[in-house]
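J.: One structure is given below, represented as structure tokens, and several questions about it will come after.
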Amino acid sequence: MALNVEERQQFLAEPHVAAIAIDSGSADRAPLVVPVWYQYAPGGDIWILTGADSRKDKLIEAAGRFTLLVERTAPTVRYVSVEGPVTERIPGTRDHIVELASRYLPADKVDGYVAMASGDHGEQVVFRMRPQRWVSSDLGAF
């Protein structure tokens with residue numbers, strides 16, 4: 001059964017690891033699909049953080065849009081897929097890293113992750129995407 005607007009937005013707002021799908025721009029390659037952390041509040045844009053000049057960065061810039069898929073398997077099988085245009089590409093900051101790490105990691109692990117990411121990941125960029133097309137379902141207690 002499809003989720004209503006409120007249900008799908010609330011599910012997307014939960015800290016699921018998403019699979020991002022981006023057009024590869026090549027007839028002989030499938031889309032790039034990799035796991036990502038993301039941030040979302042109901043009714044707003046989605047944002048992700050990635051390495052500047054990474055393959056993800058270049059493909060998102062070229063395509064101008066991407067898809068995120070989040071899912072769970074318990075207590076029921078539920079998923080939300082959302083696709084839309086990129087609305088902004090800005091430099092990533094330490095505050096962005098802190099926000100994402102705080103969303104996904106236990107509080108006592110955030111500082112260590114932020115220190116590692118700030119030192120090892122190099123220049124980062126944030127992409128904001130405006131949700132345009134949604135596909136969602138909750139398969140109940142099957």
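Chain labels follow the order of the structure tokens: the first chain is A, the next B, and so on; residue numbering restarts at 1 in every chain, and ligands are counted from 1 in their shown order.
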Once you count only C-alpha atoms, what closest atom pair and distance in Å to one decimal does each residue of range 24-68 of chain A within 8 Å of range 122-135 of chain A have, with rows by chain and rising residue number, as JSON lines?

T.:
```
{"residue": "A:Gly44", "atom": "CA", "partner": "A:Arg130", "partner_atom": "CA", "distance": 7.4}
{"residue": "A:Asp45", "atom": "CA", "partner": "A:Arg130", "partner_atom": "CA", "distance": 4.8}
{"residue": "A:Ile46", "atom": "CA", "partner": "A:Met129", "partner_atom": "CA", "distance": 5.2}
{"residue": "A:Trp47", "atom": "CA", "partner": "A:Arg128", "partner_atom": "CA", "distance": 4.3}
{"residue": "A:Ile48", "atom": "CA", "partner": "A:Phe127", "partner_atom": "CA", "distance": 5.5}
{"residue": "A:Leu49", "atom": "CA", "partner": "A:Val126", "partner_atom": "CA", "distance": 4.6}
{"residue": "A:Thr50", "atom": "CA", "partner": "A:Gln124", "partner_atom": "CA", "distance": 5.5}
{"residue": "A:Gly51", "atom": "CA", "partner": "A:Gln124", "partner_atom": "CA", "distance": 4.4}
{"residue": "A:Ala52", "atom": "CA", "partner": "A:Gln124", "partner_atom": "CA", "distance": 4.9}
{"residue": "A:Asp57", "atom": "CA", "partner": "A:Val125", "partner_atom": "CA", "distance": 7.8}
{"residue": "A:Arg65", "atom": "CA", "partner": "A:Met129", "partner_atom": "CA", "distance": 7.2}
{"residue": "A:Phe66", "atom": "CA", "partner": "A:Met129", "partner_atom": "CA", "distance": 7.7}
```

J.: So which residues touch Ala117 in chain A within 12 Å, counting only C-alpha atoms, skipping near sequence neighbours fewer than 4 positions away, as a list of chain:residue names?

T.: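 That gives A:Leu49, A:Thr50, A:Gly51, A:Gly92, A:Thr93, A:Arg94, A:Asp95, A:His96, A:Ile97, A:Val98, A:Leu100, A:Ala101, A:Val110, A:Asp111, A:Gly112, A:Tyr113, A:His121, A:Gly122, A:Glu123, A:Gln124.
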
J.: Measuring between only C-alpha atoms, which one of A:Pro31, A:Glu61, A:Ala2, A:Pro15 shows the shortest distance to Ser102 in chain A?

T.: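 Result for the nearest residue to Ser102 in chain A: A:Pro15.
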
J.: Which residues come within 7 Å of Val70 in chain A, counting only C-alpha atoms, excluding same-chain residues fewer than 3 positions away, as a PyMOL selection string?

T.: chain A and resi 16-19+79-81

J.: Could you check the closest approach to Gly25 in chain A for each of A:Thr73, A:Ala13, A:Ala63, A:Tyr38 and tell me which residue wins, using only C-alpha atoms?

T.: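 Result for the nearest residue to Gly25 in chain A: A:Ala63.
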
J.: By how many Å are CA of Arg29 in chain A and CA of Gly84 in chain A apart?

T.: 21.3 Å

J.: Calculated over only C-alpha atoms, which of the candidates A:Asp28, A:Asp23, A:Glu6, A:Glu71 has the smallest distance to Lys58 in chain A?

T.: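 Once distances to Lys58 in chain A are computed over only C-alpha atoms, the minimum belongs to A:Asp23.
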
J.: What is the CA of Glu99 in chain A to CA of Lys56 in chain A distance in Å?

T.: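 Result for CA of Glu99 in chain A versus CA of Lys56 in chain A: 20.3 Å, one decimal.
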
J.: For Leu3 in chain A, which residue among A:Leu69, A:Ile20, A:Leu139, A:Ala30 is the nearest when counting only C-alpha atoms?

T.: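 Closest to Leu3 in chain A of all the choices is A:Leu139.
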
J.: Just want the 9 Å neighbourhood of Gln9 in chain A, counted on only C-alpha atoms, with same-chain residues fewer than 6 positions away dropped. Output as a PyMOL selection string.

T.: chain A and resi 40-43+80

J.: At what distance in Å, to one decimal, does CA of Arg78 in chain A lie from CA of Met1 in chain A?

T.: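 Atom-to-atom, CA of Met1 in chain A to CA of Arg78 in chain A, that is 9.4 Å.
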
J.: Pick out each residue of chain A that DSSP on the backbone tags as strand (DSSP E); I need them as a count of residues only.

T.: 52

J.: Can you check which residues of chain A DSSP gives as helix (DSSP H, G or I) on the backbone and send them as number ranges by chain?

T.: A: 5-13, 55-63, 94-104, 107-120

J.: Mind writing the picked residues with N, CA and C atoms as a compact mmCIF listing (two decimals), in the first residue's frame?

T.:
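The resulting file, part_2.txt, is shown below:
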```
# COMPACT_ATOMS: atom_id res chain seq x y z
N VAL A 5 1.26 11.38 1.95
CA VAL A 5 2.31 12.41 1.94
C VAL A 5 2.99 12.52 3.30
N GLU A 6 2.22 12.60 4.36
CA GLU A 6 2.80 12.73 5.71
C GLU A 6 3.64 11.51 6.07
N GLU A 7 3.14 10.32 5.80
CA GLU A 7 3.87 9.09 6.12
C GLU A 7 5.20 9.00 5.37
N ARG A 8 5.18 9.30 4.09
CA ARG A 8 6.42 9.18 3.30
C ARG A 8 7.43 10.25 3.71
N GLN A 9 6.95 11.47 4.02
CA GLN A 9 7.88 12.50 4.45
C GLN A 9 8.48 12.16 5.81
N GLN A 10 7.66 11.65 6.73
CA GLN A 10 8.17 11.27 8.04
C GLN A 10 9.17 10.13 7.93
N PHE A 11 8.88 9.14 7.09
CA PHE A 11 9.80 8.02 6.90
C PHE A 11 11.13 8.51 6.34
N LEU A 12 11.08 9.39 5.36
CA LEU A 12 12.31 9.93 4.77
C LEU A 12 13.09 10.76 5.79
N ALA A 13 12.41 11.39 6.72
CA ALA A 13 13.07 12.20 7.74
C ALA A 13 13.82 11.36 8.78
N ARG A 55 33.50 11.20 -8.36
CA ARG A 55 32.63 10.73 -9.44
C ARG A 55 31.18 11.14 -9.18
N LYS A 56 30.74 11.00 -7.91
CA LYS A 56 29.38 11.43 -7.55
C LYS A 56 29.16 12.90 -7.87
N ASP A 57 30.10 13.73 -7.44
CA ASP A 57 30.01 15.16 -7.68
C ASP A 57 29.88 15.45 -9.18
N LYS A 58 30.74 14.87 -9.97
CA LYS A 58 30.72 15.13 -11.42
C LYS A 58 29.43 14.64 -12.07
N LEU A 59 28.96 13.45 -11.67
CA LEU A 59 27.74 12.91 -12.28
C LEU A 59 26.50 13.71 -11.88
N ILE A 60 26.42 14.11 -10.61
CA ILE A 60 25.28 14.92 -10.18
C ILE A 60 25.28 16.26 -10.91
N GLU A 61 26.44 16.88 -11.02
CA GLU A 61 26.55 18.14 -11.75
C GLU A 61 26.06 17.97 -13.19
N ALA A 62 26.48 16.88 -13.84
CA ALA A 62 26.12 16.66 -15.25
C ALA A 62 24.63 16.34 -15.40
N ALA A 63 24.10 15.52 -14.50
CA ALA A 63 22.71 15.08 -14.62
C ALA A 63 21.73 16.15 -14.14
N ARG A 94 32.47 22.09 8.02
CA ARG A 94 32.55 21.25 9.21
C ARG A 94 31.16 21.10 9.84
N ASP A 95 30.37 22.16 9.81
CA ASP A 95 29.01 22.09 10.37
C ASP A 95 28.16 21.06 9.63
N HIS A 96 28.32 20.94 8.33
CA HIS A 96 27.59 19.91 7.58
C HIS A 96 28.00 18.50 8.04
N ILE A 97 29.31 18.31 8.21
CA ILE A 97 29.80 17.01 8.67
C ILE A 97 29.24 16.69 10.05
N VAL A 98 29.26 17.68 10.95
CA VAL A 98 28.73 17.48 12.30
C VAL A 98 27.24 17.12 12.24
N GLU A 99 26.48 17.83 11.41
CA GLU A 99 25.04 17.57 11.33
C GLU A 99 24.75 16.15 10.86
N LEU A 100 25.44 15.72 9.81
CA LEU A 100 25.19 14.36 9.32
C LEU A 100 25.69 13.31 10.31
N ALA A 101 26.87 13.51 10.87
CA ALA A 101 27.40 12.54 11.84
C ALA A 101 26.47 12.43 13.05
N SER A 102 25.93 13.55 13.50
CA SER A 102 25.02 13.55 14.65
C SER A 102 23.72 12.82 14.33
N ARG A 103 23.32 12.84 13.08
CA ARG A 103 22.10 12.14 12.66
C ARG A 103 22.28 10.62 12.67
N TYR A 104 23.48 10.16 12.34
CA TYR A 104 23.70 8.73 12.13
C TYR A 104 24.51 8.02 13.20
N ALA A 107 26.19 9.80 20.02
CA ALA A 107 26.77 11.09 20.40
C ALA A 107 28.26 10.98 20.74
N ASP A 108 28.66 9.88 21.40
CA ASP A 108 30.06 9.75 21.80
C ASP A 108 31.00 9.43 20.64
N LYS A 109 30.47 9.17 19.45
CA LYS A 109 31.29 8.86 18.27
C LYS A 109 31.40 10.04 17.30
N VAL A 110 30.59 11.08 17.50
CA VAL A 110 30.52 12.18 16.53
C VAL A 110 31.85 12.92 16.43
N ASP A 111 32.45 13.34 17.54
CA ASP A 111 33.68 14.12 17.49
C ASP A 111 34.80 13.36 16.77
N GLY A 112 34.93 12.09 17.06
CA GLY A 112 35.97 11.28 16.41
C GLY A 112 35.74 11.17 14.91
N TYR A 113 34.49 10.95 14.51
CA TYR A 113 34.19 10.87 13.08
C TYR A 113 34.45 12.21 12.40
N VAL A 114 34.01 13.29 13.02
CA VAL A 114 34.20 14.62 12.42
C VAL A 114 35.69 14.93 12.25
N ALA A 115 36.49 14.59 13.24
CA ALA A 115 37.94 14.82 13.14
C ALA A 115 38.52 14.00 11.99
N MET A 116 38.12 12.74 11.88
CA MET A 116 38.62 11.89 10.80
C MET A 116 38.17 12.42 9.45
N ALA A 117 36.87 12.70 9.31
CA ALA A 117 36.33 13.16 8.02
C ALA A 117 36.92 14.50 7.61
N SER A 118 37.09 15.40 8.55
CA SER A 118 37.65 16.72 8.24
C SER A 118 39.09 16.60 7.75
N GLY A 119 39.82 15.62 8.29
CA GLY A 119 41.22 15.44 7.89
C GLY A 119 41.43 14.57 6.68
N ASP A 120 40.57 13.56 6.51
CA ASP A 120 40.81 12.55 5.47
C ASP A 120 39.97 12.68 4.21
```
